[in-house]
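Peer 1: Compact mmCIF, C-alpha atoms and all ligand atoms, saved as data.txt, coming up:
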```
# COMPACT_ATOMS: atom_id res chain seq x y z
CA MET E 106 5.12 25.31 22.45
CA ALA E 107 3.37 22.10 23.46
CA PRO E 108 3.75 19.14 21.12
CA ALA E 109 0.64 18.03 19.24
CA ALA E 110 -1.36 15.40 21.11
CA ILE E 111 -0.92 11.80 19.99
CA VAL E 112 -4.31 10.54 18.85
CA PRO E 113 -4.97 6.91 19.85
CA VAL E 114 -5.17 4.67 16.77
CA GLN E 115 -8.76 3.62 17.46
CA ASP E 116 -9.90 7.26 17.77
CA ALA E 117 -8.05 8.23 14.61
CA LEU E 118 -9.62 5.35 12.70
CA SER E 119 -13.16 5.91 13.84
CA ALA E 120 -13.09 9.72 13.56
CA PRO E 121 -15.45 11.04 10.90
CA LEU E 122 -13.75 12.16 7.70
CA LYS E 123 -13.50 15.93 7.67
CA ASN E 124 -13.33 18.64 5.06
CA HIS E 125 -9.76 19.93 4.53
CA PRO E 126 -9.72 23.75 4.05
CA LYS E 127 -7.74 25.43 1.26
CA LEU E 128 -4.76 26.96 3.04
CA VAL E 129 -2.68 29.97 2.07
CA ALA E 130 0.50 28.69 3.74
CA PRO E 131 1.95 25.28 4.74
CA GLU E 132 0.84 23.89 8.12
CA PRO E 133 3.42 24.84 10.77
CA GLU E 134 5.01 22.44 13.21
CA HIS E 135 2.56 21.18 15.88
CA CYS E 136 -0.46 22.05 13.70
CA PRO E 137 -3.47 20.29 15.27
CA GLY E 138 -4.80 19.52 11.76
CA PRO E 139 -6.72 22.04 9.65
CA GLU E 140 -9.76 19.76 9.62
CA SER E 141 -9.78 19.17 13.39
CA GLU E 142 -12.14 20.76 15.88
CA ALA E 143 -9.18 22.70 17.34
CA ALA E 144 -8.23 24.19 13.95
CA GLY E 145 -7.63 27.91 14.17
CA LYS E 146 -7.95 27.86 17.97
CA GLY E 147 -4.94 25.90 19.25
CA SER E 148 -1.81 27.56 20.59
CA ALA E 149 0.02 26.52 17.39
CA CYS E 150 -2.54 28.55 15.40
CA ASP E 151 -1.55 31.89 16.97
CA GLY E 152 0.11 33.91 14.24
CA CYS E 153 -0.43 31.21 11.57
CA PRO E 154 -1.42 32.78 8.21
CA ASN E 155 -4.18 30.15 7.88
CA GLN E 156 -5.86 30.94 11.18
CA THR E 157 -8.92 32.75 9.81
CA ILE E 158 -9.50 30.10 7.15
CA CYS E 159 -9.13 27.20 9.59
CA ALA E 160 -11.33 28.79 12.25
CA SER E 161 -14.14 29.54 9.81
CA THR E 162 -14.16 26.33 7.71
CA PRO E 163 -17.20 24.15 8.51
CA LYS E 164 -16.14 20.87 10.13
CA GLY E 165 -18.48 18.71 8.09
CA PRO E 166 -17.86 15.40 6.30
CA ASP E 167 -15.12 15.46 3.68
CA PRO E 168 -16.75 16.12 0.28
CA ASP E 169 -13.83 14.37 -1.44
CA ILE E 170 -14.76 10.93 -0.08
CA PRO E 171 -17.65 10.38 -2.55
CA VAL E 172 -15.28 11.52 -5.35
CA ILE E 173 -12.71 8.87 -4.31
CA THR E 174 -15.44 6.23 -4.02
CA SER E 175 -16.69 7.02 -7.49
CA ARG E 176 -13.14 6.94 -8.92
CA LEU E 177 -12.63 3.41 -7.58
CA ALA E 178 -16.12 2.14 -8.39
CA GLY E 179 -14.95 0.20 -11.45
CA ILE E 180 -12.43 -1.87 -9.46
CA LYS E 181 -13.77 -5.26 -8.36
CA HIS E 182 -11.19 -6.08 -5.69
CA LYS E 183 -8.94 -3.73 -3.71
CA ILE E 184 -6.19 -5.43 -1.74
CA LEU E 185 -3.74 -3.72 0.62
CA VAL E 186 -0.21 -5.09 0.89
CA LEU E 187 1.16 -4.42 4.38
CA SER E 188 4.22 -5.25 6.43
CA GLY E 189 5.02 -4.64 10.06
CA LYS E 190 8.52 -3.38 9.33
CA GLY E 191 10.75 -2.36 6.45
CA GLY E 192 13.24 -4.71 4.83
CA VAL E 193 10.91 -7.67 4.34
CA GLY E 194 10.71 -7.15 0.57
CA LYS E 195 7.12 -5.90 0.56
CA SER E 196 7.34 -3.72 -2.55
CA THR E 197 9.25 -6.42 -4.41
CA PHE E 198 6.57 -8.88 -3.33
CA THR E 199 3.83 -6.49 -4.50
CA THR E 200 5.32 -6.18 -7.98
CA MET E 201 5.72 -9.94 -8.28
CA LEU E 202 2.22 -10.54 -6.98
CA ALA E 203 0.87 -8.10 -9.57
CA HIS E 204 2.74 -9.90 -12.34
CA ALA E 205 1.41 -13.19 -10.99
CA PHE E 206 -2.20 -11.88 -11.02
CA ALA E 207 -1.61 -10.55 -14.54
CA THR E 208 -0.59 -14.00 -15.84
CA ASP E 209 -4.35 -14.45 -16.20
CA GLU E 210 -4.86 -12.47 -19.40
CA ASP E 211 -8.54 -12.05 -18.65
CA SER E 212 -7.77 -10.06 -15.48
CA VAL E 213 -6.88 -6.36 -15.47
CA VAL E 214 -4.53 -5.61 -12.58
CA GLY E 215 -3.18 -2.39 -11.07
CA ILE E 216 -0.63 -1.34 -8.47
CA MET E 217 -1.19 1.81 -6.44
CA ASP E 218 2.04 2.88 -4.72
CA THR E 219 1.27 5.09 -1.72
CA ASP E 220 4.77 5.14 -0.23
CA ILE E 221 5.56 8.85 -0.35
CA CYS E 222 8.98 8.69 1.27
CA GLY E 223 10.27 5.65 -0.62
CA PRO E 224 8.31 4.96 -3.80
CA SER E 225 10.19 2.10 -5.45
CA ILE E 226 7.44 0.46 -7.52
CA PRO E 227 8.09 2.51 -10.74
CA LYS E 228 11.74 1.40 -10.79
CA MET E 229 10.82 -2.24 -10.17
CA MET E 230 8.16 -2.14 -12.88
CA GLY E 231 10.50 -0.53 -15.41
CA VAL E 232 8.52 2.71 -15.72
CA GLU E 233 10.68 5.01 -13.62
CA THR E 234 11.20 7.57 -16.37
CA GLU E 235 7.61 7.60 -17.60
CA THR E 236 5.54 10.72 -17.27
CA ILE E 237 1.86 10.36 -16.59
CA HIS E 238 -0.79 11.37 -19.04
CA VAL E 239 -3.28 13.93 -17.76
CA SER E 240 -6.64 14.31 -19.46
CA ASN E 241 -10.01 15.77 -18.54
CA ALA E 242 -10.84 12.39 -16.99
CA GLY E 243 -7.85 12.55 -14.61
CA TRP E 244 -4.36 11.05 -14.37
CA SER E 245 -3.97 7.84 -16.34
CA PRO E 246 -1.96 4.95 -14.86
CA VAL E 247 1.20 3.88 -16.68
CA TRP E 248 0.60 0.55 -18.45
CA VAL E 249 3.42 -1.97 -18.08
CA ALA E 250 1.50 -4.60 -20.04
CA ASP E 251 -1.91 -4.70 -21.72
CA ASN E 252 -3.50 -5.79 -18.45
CA LEU E 253 -1.12 -4.32 -15.84
CA GLY E 254 -1.15 -0.63 -14.83
CA VAL E 255 0.92 1.27 -12.28
CA MET E 256 0.38 4.54 -10.47
CA SER E 257 2.84 5.91 -7.96
CA VAL E 258 3.21 9.10 -5.99
CA GLN E 259 6.69 9.23 -7.50
CA PHE E 260 5.16 10.30 -10.82
CA MET E 261 3.88 13.42 -9.05
CA LEU E 262 7.15 14.40 -7.39
CA PRO E 263 9.43 16.95 -9.04
CA SER E 264 12.54 14.75 -9.08
CA ARG E 265 13.12 11.06 -8.32
CA ASP E 266 16.16 11.94 -6.18
CA ASP E 267 14.44 14.61 -4.07
CA ALA E 268 13.82 13.56 -0.48
CA VAL E 269 10.24 14.07 0.62
CA ILE E 270 10.35 15.52 4.12
CA TRP E 271 6.75 16.21 4.96
CA ARG E 272 4.63 16.10 8.06
CA GLY E 273 1.38 14.19 8.33
CA PRO E 274 -1.20 16.69 7.00
CA LYS E 275 0.77 17.39 3.83
CA LYS E 276 1.34 13.67 3.20
CA ASN E 277 -2.36 13.05 3.72
CA GLY E 278 -3.17 15.79 1.22
CA LEU E 279 -1.02 14.17 -1.47
CA ILE E 280 -2.51 10.72 -0.84
CA LYS E 281 -6.00 12.16 -1.09
CA GLN E 282 -5.20 13.98 -4.31
CA PHE E 283 -3.70 10.77 -5.66
CA LEU E 284 -6.82 8.73 -4.82
CA LYS E 285 -9.12 11.45 -6.15
CA ASP E 286 -7.48 12.17 -9.47
CA VAL E 287 -6.29 8.83 -10.87
CA GLU E 288 -8.61 7.37 -13.46
CA TRP E 289 -8.33 3.59 -13.01
CA GLY E 290 -11.33 2.60 -15.11
CA GLU E 291 -12.56 -1.01 -15.08
CA MET E 292 -10.19 -3.30 -13.21
CA ASP E 293 -10.28 -6.74 -11.54
CA TYR E 294 -7.57 -6.37 -8.88
CA LEU E 295 -5.91 -3.26 -7.48
CA LEU E 296 -2.96 -3.90 -5.15
CA VAL E 297 -2.31 -0.96 -2.82
CA ASP E 298 1.33 -0.90 -1.70
CA THR E 299 1.71 0.99 1.58
CA PRO E 300 4.81 2.01 3.54
CA PRO E 301 5.87 -0.29 6.40
CA GLY E 302 4.34 0.10 9.85
CA THR E 303 1.18 1.83 11.01
CA SER E 304 1.83 5.46 10.15
CA ASP E 305 -0.05 8.48 8.83
CA GLU E 306 -0.19 6.97 5.35
CA HIS E 307 -2.00 3.88 6.67
CA LEU E 308 -4.57 5.95 8.52
CA SER E 309 -5.12 8.10 5.43
CA VAL E 310 -5.40 5.23 2.97
CA ASN E 311 -7.78 3.41 5.30
CA SER E 312 -9.92 6.50 5.92
CA TYR E 313 -10.14 7.49 2.29
CA LEU E 314 -10.85 3.97 1.03
CA LYS E 315 -13.30 3.04 3.78
CA GLU E 316 -16.38 3.84 1.70
CA SER E 317 -14.92 2.24 -1.46
CA GLY E 318 -14.78 -1.24 0.08
CA VAL E 319 -11.34 -2.77 0.60
CA ASP E 320 -11.42 -6.58 0.35
CA GLY E 321 -8.62 -6.96 2.85
CA ALA E 322 -4.89 -7.00 3.41
CA VAL E 323 -2.08 -9.38 2.58
CA VAL E 324 0.54 -9.12 5.32
CA VAL E 325 4.16 -9.80 4.35
CA THR E 326 6.81 -10.91 6.81
CA THR E 327 10.15 -12.70 6.92
CA PRO E 328 10.57 -15.82 9.09
CA GLN E 329 12.42 -14.34 12.10
CA GLU E 330 10.68 -13.43 15.36
CA VAL E 331 11.96 -9.83 15.12
CA SER E 332 9.82 -9.41 12.01
CA LEU E 333 6.85 -11.35 13.39
CA LEU E 334 6.76 -9.07 16.44
CA ASP E 335 5.86 -6.13 14.21
CA VAL E 336 3.46 -8.21 12.17
CA ARG E 337 1.42 -8.81 15.33
CA LYS E 338 1.07 -5.00 15.63
CA GLU E 339 0.04 -4.77 11.98
CA ILE E 340 -2.63 -7.43 12.54
CA ASP E 341 -3.86 -5.50 15.59
CA PHE E 342 -3.98 -2.33 13.46
CA CYS E 343 -6.07 -4.13 10.83
CA ARG E 344 -8.49 -5.44 13.44
CA LYS E 345 -8.94 -1.97 14.94
CA ALA E 346 -9.35 -0.45 11.50
CA GLY E 347 -11.88 -3.10 10.46
CA ILE E 348 -9.64 -4.42 7.66
CA LYS E 349 -9.88 -8.16 7.03
CA VAL E 350 -6.48 -9.84 6.94
CA LEU E 351 -6.66 -12.09 3.87
CA GLY E 352 -3.55 -13.93 4.96
CA ILE E 353 0.13 -13.87 5.89
CA VAL E 354 2.95 -14.55 3.43
CA GLU E 355 6.43 -15.54 4.51
CA ASN E 356 8.82 -13.78 2.15
CA MET E 357 12.57 -14.54 1.82
CA SER E 358 11.70 -17.97 3.15
CA GLY E 359 14.84 -19.92 2.41
CA PHE E 360 17.18 -19.73 -0.54
CA VAL E 361 16.93 -22.18 -3.40
CA CYS E 362 20.11 -22.69 -5.42
CA SER E 363 19.29 -22.16 -9.08
CA SER E 364 21.80 -24.87 -10.11
CA CYS E 365 21.27 -27.75 -7.70
CA LYS E 366 17.86 -26.63 -6.27
CA HIS E 367 19.13 -27.25 -2.71
CA ARG E 368 17.25 -25.11 -0.17
CA ASN E 369 18.99 -23.21 2.66
CA GLN E 370 17.15 -21.42 5.45
CA VAL E 371 18.82 -17.96 5.46
CA PHE E 372 16.56 -16.40 8.11
CA LYS E 373 15.73 -18.95 10.80
CA ALA E 374 12.11 -19.25 11.87
CA THR E 375 13.03 -19.48 15.54
CA THR E 376 9.42 -19.27 16.73
CA GLY E 377 7.81 -21.17 13.87
CA GLY E 378 7.69 -18.36 11.30
CA ALA E 379 4.60 -17.03 9.56
CA LYS E 380 2.92 -20.44 9.55
CA ALA E 381 2.92 -20.63 13.35
CA LEU E 382 1.79 -17.00 13.64
CA ALA E 383 -1.07 -17.65 11.22
CA ALA E 384 -2.19 -20.64 13.28
CA GLU E 385 -1.87 -18.62 16.51
CA THR E 386 -3.96 -15.72 15.18
CA GLY E 387 -6.47 -17.74 13.16
CA ILE E 388 -5.41 -16.04 9.91
CA SER E 389 -4.84 -17.89 6.62
CA TYR E 390 -1.27 -18.82 5.80
CA LEU E 391 -0.75 -17.96 2.14
CA GLY E 392 2.59 -19.67 1.73
CA ALA E 393 6.33 -19.08 1.63
CA VAL E 394 8.19 -17.31 -1.17
CA PRO E 395 11.88 -18.28 -1.32
CA LEU E 396 14.77 -15.93 -2.00
CA ASP E 397 16.14 -15.99 -5.51
CA PRO E 398 18.98 -13.58 -6.38
CA ARG E 399 17.44 -13.16 -9.82
CA ILE E 400 14.44 -11.40 -8.22
CA GLY E 401 16.60 -8.42 -7.19
CA MET E 402 18.19 -8.35 -10.62
CA ALA E 403 14.81 -8.38 -12.38
CA CYS E 404 13.62 -5.53 -10.12
CA ASP E 405 16.74 -3.45 -10.81
CA TYR E 406 16.20 -3.83 -14.53
CA GLY E 407 12.44 -3.31 -14.22
CA GLU E 408 11.70 -6.66 -15.85
CA SER E 409 8.98 -9.16 -15.11
CA PHE E 410 10.49 -11.93 -13.02
CA PHE E 411 7.71 -14.18 -14.29
CA ASP E 412 8.65 -13.66 -17.93
CA ALA E 413 12.41 -13.90 -17.35
CA PHE E 414 12.65 -16.76 -14.83
CA SER E 415 9.41 -18.68 -14.90
CA ASP E 416 11.27 -21.83 -13.73
CA SER E 417 12.02 -20.26 -10.31
CA PRO E 418 10.36 -21.87 -7.25
CA ALA E 419 9.45 -18.28 -6.25
CA CYS E 420 7.11 -18.08 -9.29
CA THR E 421 5.35 -21.30 -8.28
CA ALA E 422 4.99 -20.01 -4.71
CA LEU E 423 3.55 -16.68 -5.92
CA LEU E 424 1.01 -18.35 -8.17
CA ASN E 425 -0.13 -20.33 -5.11
CA VAL E 426 -0.43 -17.07 -3.15
CA VAL E 427 -2.54 -15.58 -5.96
CA GLN E 428 -4.82 -18.61 -5.95
CA MET E 429 -5.30 -18.39 -2.18
CA VAL E 430 -5.90 -14.62 -2.25
CA LYS E 431 -8.51 -15.11 -4.98
CA GLU E 432 -10.24 -17.72 -2.84
CA GLU E 433 -10.15 -15.39 0.18
CA VAL E 434 -11.67 -12.43 -1.70
CA MET E 435 -14.29 -14.69 -3.25
CA THR E 436 -15.19 -15.98 0.21
CA LYS E 437 -15.59 -12.37 1.32
CA SER E 438 -17.61 -11.45 -1.78
CA ASN E 439 -19.93 -14.38 -1.08
CA GLY E 440 -20.48 -13.06 2.43
CA ARG E 441 -18.70 -15.89 4.21
CA GLY E 442 -15.66 -13.89 5.29
S1 LIG E 501 -4.35 27.83 11.79
FE1 LIG E 501 -4.81 25.94 10.65
S2 LIG E 501 -2.89 25.45 9.57
FE2 LIG E 501 -2.38 26.98 11.13
S3 LIG E 501 -1.74 25.74 12.88
FE3 LIG E 501 -3.93 26.14 13.17
S4 LIG E 501 -4.93 24.38 12.24
FE4 LIG E 501 -2.83 24.35 11.49
```
Give the structure from this file in C-alpha cells form.
Peer 2:
Amino acid sequence: MAPAAIVPVQDALSAPLKNHPKLVAPEPEHCPGPESEAAGKGSACDGCPNQTICASTPKGPDPDIPVITSRLAGIKHKILVLSGKGGVGKSTFTTMLAHAFATDEDSVVGIMDTDICGPSIPKMMGVETETIHVSNAGWSPVWVADNLGVMSVQFMLPSRDDAVIWRGPKKNGLIKQFLKDVEWGEMDYLLVDTPPGTSDEHLSVNSYLKESGVDGAVVVTTPQEVSLLDVRKEIDFCRKAGIKVLGIVENMSGFVCSSCKHRNQVFKATTGGAKALAAETGISYLGAVPLDPRIGMACDYGESFFDAFSDSPACTALLNVVQMVKEEVMTKSNGRG
C-alpha cells in the first residue's frame, strides 16, 4: 500500500477548510483524509467501512468554522505560544506568562492547551484533578483565579496516564471539537499553547482559528544555536501561514543564584542567542527569562510562581515580556503591524 502523500506546508495552509464527514469507523492507516478530494476513492479506501460516506459527502467549506469563530468572538486578543523544538520550557513559560498577564486584575486571561500528546498545563496550573463543567452553553474552562481560566485537551481524555497514540485526522477532530465546544465568554487575552514544531496540531489550530483573528505568535527558544535552528523553521512556518510573529523570547537565559544574585550562563549563546536572531529576522526581541529552580517547583505543585516568588528576576523579566506583547498587539490592532 502506498504511503499517503506529504502535503507541502504552503498547500496545507492555503487549502480551503472542508467539511469532515461523520464516520462509522476510525480512519485506517494511509487514509487520504475524509474531507479530501480523494476521500472514498484512494487505494486506502478500498474495503474501508467509511467508503460510501466519504465518497458521497459534499466537499464544501467546513460548517464548523463559523461556530468556532462565534465561540471565540468575545476574546479580544488571541496569542499563540510556539517553539521550534521541545525542551525549551514553552508550557512552563505559557503558564508564567498567563499569571503575569493576570497580575492586571482588570484583565481576564485564559490558556488553551492544544498539546494532545503531552498536555502539561493542568498540572502546572494546579487543576490536574479538576473535571470540567458541561452545560447547554458548552464546556466551561477551569478557573484558577477570578481572572484566569484554563482549558486543556487533558480534561477530555479518559485518564491522565493514558498515552494518546493518534494519527493526524483524529487529532484534528479533537482539536476542532475542543475549539467548537468550549465556552470562553468575554476575555482580554487567550494564550494558545501548542506542541513543539510544525505538526498536524499547528496546521489544525491555524486553519480553525484563521477566521477568528489571531493577533500573532510569541516564539520561545533557549540561547543555543541548536534551538535557534528550529526557531528559524518556526518563523518560516508563521510567515507561510500568515501569522504575525509578535516577538522572540529567550527562555532559560542564564541562572540567577537566589542567595547572592550572581548570574551564570548555563546554555551558551554561541551565535548571539535570541537577540541576534531577532535582529537578523527583523522580529521584536521580547527579552530573556532566567532559570530559577523555584519555577520547576512551583509548576510541580501547581502554584503561581508570581505569588510565591515575586522577588525572582524571572518575574521581572516576564512582566517586561507582557508589556512588550501588549504593545505589539496594540500596534496590530491600530493597523500598524
Ligand atoms: S474511505 Fe474515508 S476514512 Fe476510509 S480511507 Fe478513504 S478517506 Fe479515509
Peer 1: Within 12 Å of (-14.3, 4.5, -10.9) (coordinates as in the file), grab all the protein and nucleic acid residues, counting all atoms listed in the file, and write them out as a PDB file with C-alpha atoms, in the frame of the given file.
Peer 2:
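Once everything was written out, this is result-v7.pdb:
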```
ATOM      1  CA  PRO E 171     -17.650  10.380  -2.550  1.00  0.00           C
ATOM      2  CA  VAL E 172     -15.280  11.520  -5.350  1.00  0.00           C
ATOM      3  CA  ILE E 173     -12.710   8.870  -4.310  1.00  0.00           C
ATOM      4  CA  THR E 174     -15.440   6.230  -4.020  1.00  0.00           C
ATOM      5  CA  SER E 175     -16.690   7.020  -7.490  1.00  0.00           C
ATOM      6  CA  ARG E 176     -13.140   6.940  -8.920  1.00  0.00           C
ATOM      7  CA  LEU E 177     -12.630   3.410  -7.580  1.00  0.00           C
ATOM      8  CA  ALA E 178     -16.120   2.140  -8.390  1.00  0.00           C
ATOM      9  CA  GLY E 179     -14.950   0.200 -11.450  1.00  0.00           C
ATOM     10  CA  ILE E 180     -12.430  -1.870  -9.460  1.00  0.00           C
ATOM     11  CA  LYS E 181     -13.770  -5.260  -8.360  1.00  0.00           C
ATOM     12  CA  ALA E 242     -10.840  12.390 -16.990  1.00  0.00           C
ATOM     13  CA  GLY E 243      -7.850  12.550 -14.610  1.00  0.00           C
ATOM     14  CA  LEU E 284      -6.820   8.730  -4.820  1.00  0.00           C
ATOM     15  CA  LYS E 285      -9.120  11.450  -6.150  1.00  0.00           C
ATOM     16  CA  ASP E 286      -7.480  12.170  -9.470  1.00  0.00           C
ATOM     17  CA  VAL E 287      -6.290   8.830 -10.870  1.00  0.00           C
ATOM     18  CA  GLU E 288      -8.610   7.370 -13.460  1.00  0.00           C
ATOM     19  CA  TRP E 289      -8.330   3.590 -13.010  1.00  0.00           C
ATOM     20  CA  GLY E 290     -11.330   2.600 -15.110  1.00  0.00           C
ATOM     21  CA  GLU E 291     -12.560  -1.010 -15.080  1.00  0.00           C
ATOM     22  CA  MET E 292     -10.190  -3.300 -13.210  1.00  0.00           C
ATOM     23  CA  ASP E 293     -10.280  -6.740 -11.540  1.00  0.00           C
ATOM     24  CA  LEU E 295      -5.910  -3.260  -7.480  1.00  0.00           C
ATOM     25  CA  SER E 317     -14.920   2.240  -1.460  1.00  0.00           C
TER      26      SER E 317
END
```
Peer 1: Step by step, measure atom-to-atom distances between ligand LIG 501 (chain E) and each residue using all atoms listed in the file, keep those at most 12 Å, then write them as a PDB file with C-alpha atoms, in the frame of the given file.
Peer 2:
```
ATOM      1  CA  MET E 106       5.120  25.310  22.450  1.00  0.00           C
ATOM      2  CA  PRO E 108       3.750  19.140  21.120  1.00  0.00           C
ATOM      3  CA  ALA E 109       0.640  18.030  19.240  1.00  0.00           C
ATOM      4  CA  HIS E 125      -9.760  19.930   4.530  1.00  0.00           C
ATOM      5  CA  PRO E 126      -9.720  23.750   4.050  1.00  0.00           C
ATOM      6  CA  LYS E 127      -7.740  25.430   1.260  1.00  0.00           C
ATOM      7  CA  LEU E 128      -4.760  26.960   3.040  1.00  0.00           C
ATOM      8  CA  VAL E 129      -2.680  29.970   2.070  1.00  0.00           C
ATOM      9  CA  ALA E 130       0.500  28.690   3.740  1.00  0.00           C
ATOM     10  CA  PRO E 131       1.950  25.280   4.740  1.00  0.00           C
ATOM     11  CA  GLU E 132       0.840  23.890   8.120  1.00  0.00           C
ATOM     12  CA  PRO E 133       3.420  24.840  10.770  1.00  0.00           C
ATOM     13  CA  GLU E 134       5.010  22.440  13.210  1.00  0.00           C
ATOM     14  CA  HIS E 135       2.560  21.180  15.880  1.00  0.00           C
ATOM     15  CA  CYS E 136      -0.460  22.050  13.700  1.00  0.00           C
ATOM     16  CA  PRO E 137      -3.470  20.290  15.270  1.00  0.00           C
ATOM     17  CA  GLY E 138      -4.800  19.520  11.760  1.00  0.00           C
ATOM     18  CA  PRO E 139      -6.720  22.040   9.650  1.00  0.00           C
ATOM     19  CA  GLU E 140      -9.760  19.760   9.620  1.00  0.00           C
ATOM     20  CA  SER E 141      -9.780  19.170  13.390  1.00  0.00           C
ATOM     21  CA  GLU E 142     -12.140  20.760  15.880  1.00  0.00           C
ATOM     22  CA  ALA E 143      -9.180  22.700  17.340  1.00  0.00           C
ATOM     23  CA  ALA E 144      -8.230  24.190  13.950  1.00  0.00           C
ATOM     24  CA  GLY E 145      -7.630  27.910  14.170  1.00  0.00           C
ATOM     25  CA  LYS E 146      -7.950  27.860  17.970  1.00  0.00           C
ATOM     26  CA  GLY E 147      -4.940  25.900  19.250  1.00  0.00           C
ATOM     27  CA  SER E 148      -1.810  27.560  20.590  1.00  0.00           C
ATOM     28  CA  ALA E 149       0.020  26.520  17.390  1.00  0.00           C
ATOM     29  CA  CYS E 150      -2.540  28.550  15.400  1.00  0.00           C
ATOM     30  CA  ASP E 151      -1.550  31.890  16.970  1.00  0.00           C
ATOM     31  CA  GLY E 152       0.110  33.910  14.240  1.00  0.00           C
ATOM     32  CA  CYS E 153      -0.430  31.210  11.570  1.00  0.00           C
ATOM     33  CA  PRO E 154      -1.420  32.780   8.210  1.00  0.00           C
ATOM     34  CA  ASN E 155      -4.180  30.150   7.880  1.00  0.00           C
ATOM     35  CA  GLN E 156      -5.860  30.940  11.180  1.00  0.00           C
ATOM     36  CA  THR E 157      -8.920  32.750   9.810  1.00  0.00           C
ATOM     37  CA  ILE E 158      -9.500  30.100   7.150  1.00  0.00           C
ATOM     38  CA  CYS E 159      -9.130  27.200   9.590  1.00  0.00           C
ATOM     39  CA  ALA E 160     -11.330  28.790  12.250  1.00  0.00           C
ATOM     40  CA  SER E 161     -14.140  29.540   9.810  1.00  0.00           C
ATOM     41  CA  THR E 162     -14.160  26.330   7.710  1.00  0.00           C
ATOM     42  CA  LYS E 164     -16.140  20.870  10.130  1.00  0.00           C
ATOM     43  CA  ARG E 272       4.630  16.100   8.060  1.00  0.00           C
ATOM     44  CA  GLY E 273       1.380  14.190   8.330  1.00  0.00           C
ATOM     45  CA  PRO E 274      -1.200  16.690   7.000  1.00  0.00           C
ATOM     46  CA  LYS E 275       0.770  17.390   3.830  1.00  0.00           C
TER      47      LYS E 275
END
```
Peer 1: Residues of region 348-430 of chain E that approach region 321-344 of chain E to 7 Å or less, counting all atoms listed in the file: could you list each one with the shortest pair of atoms and its distance in Å to one decimal, rows by chain and increasing residue number, as a Markdown table?
Peer 2:
```
| residue | atom | partner | partner_atom | distance |
| --- | --- | --- | --- | --- |
| E:Ile348 | CA | E:Cys343 | CA | 4.8 |
| E:Lys349 | CA | E:Gly321 | CA | 4.5 |
| E:Val350 | CA | E:Ala322 | CA | 4.8 |
| E:Leu351 | CA | E:Ala322 | CA | 5.4 |
| E:Gly352 | CA | E:Val323 | CA | 5.3 |
| E:Ile353 | CA | E:Val324 | CA | 4.8 |
| E:Val354 | CA | E:Val325 | CA | 5.0 |
| E:Glu355 | CA | E:Thr326 | CA | 5.2 |
| E:Asn356 | CA | E:Thr327 | CA | 5.1 |
| E:Met357 | CA | E:Thr327 | CA | 5.9 |
| E:Ser358 | CA | E:Pro328 | CA | 6.4 |
| E:Phe372 | CA | E:Pro328 | CA | 6.1 |
| E:Lys373 | CA | E:Gln329 | CA | 5.8 |
| E:Ala374 | CA | E:Pro328 | CA | 4.7 |
| E:Thr375 | CA | E:Gln329 | CA | 6.2 |
| E:Thr376 | CA | E:Glu330 | CA | 6.1 |
| E:Gly378 | CA | E:Pro328 | CA | 4.4 |
| E:Ala379 | CA | E:Pro328 | CA | 6.1 |
```
Peer 1: How far is it from CA of Lys281 (chain E) to CA of Tyr313 (chain E), in Å with one decimal?
Peer 2: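 Separating CA of Lys281 (chain E) from CA of Tyr313 (chain E) is a distance of 7.1 Å.
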Peer 1: Pick the closest to Gly401 (chain E) from E:Gly189, E:Pro166, E:Gly377, E:Gly194: which is it, counting only C-alpha atoms?
Peer 2: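 Closest candidate: E:Gly194.
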Peer 1: Separation of CA of Met402 (chain E) and CA of Pro227 (chain E), in Å?
Peer 2: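 Computing the Euclidean distance for CA of Met402 (chain E) and CA of Pro227 (chain E) yields 14.8 Å.
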Peer 1: Here is a test: counting all atoms listed in the file, which residue of E:Asn369, E:Gln428, E:Ser257, E:Ser240 is nearest to Asp298 (chain E)?
Peer 2: E:Ser257
Peer 1: Quick one: of E:Met435, E:Leu396, E:Ala207, E:Leu314, who's nearest to Phe411 (chain E), counting all atoms listed in the file?
Peer 2: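 Ranked by minimum distance to Phe411 (chain E), first place goes to E:Ala207.
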Peer 1: Hey, can you check how far CA of Thr219 (chain E) sits from CA of Ile237 (chain E)?
Peer 2: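 So the two atoms, CA of Thr219 (chain E) and CA of Ile237 (chain E), lie 15.8 Å apart.
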Peer 1: Using only C-alpha atoms, pick whichever of E:Val232, E:Met201, E:Leu185, E:Ile400 has the shortest atom-to-atom distance to Met217 (chain E).
Peer 2: E:Leu185
Peer 1: I need the residue nearest Glu316 (chain E) from this list: E:Gly359, E:Pro163, E:Lys183, E:Ile221. Use all atoms listed in the file for the distance.
Peer 2: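 Of E:Gly359, E:Pro163, E:Lys183, E:Ile221, the one nearest Glu316 (chain E), counting all atoms listed in the file, is E:Lys183.
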Peer 1: Please determine, counting all atoms listed in the file, which residue among E:Gly231, E:Gly215, E:Pro224, E:Gly191 has the shortest atom-to-atom distance to Pro246 (chain E).
Peer 2: E:Gly215
Peer 1: Set up a box along x, y and z of the file covering all listed atoms of region 203-215 of chain E, add 8 Å on every one of the six sides, and write the centre and edge lengths in Å to one decimal, as lines of an AutoDock Vina configuration file.
Peer 2:
```
center_x = -2.9
center_y = -8.4
center_z = -14.5
size_x = 27.3
size_y = 28.1
size_z = 25.8
```
Peer 1: Hey, what's within 7 Å of region 419-424 of chain E if we count only C-alpha atoms and toss same-chain stuff fewer than 6 positions away? As a ChimeraX atom specification, please?
Peer 2: /E:202,205,392-395,411
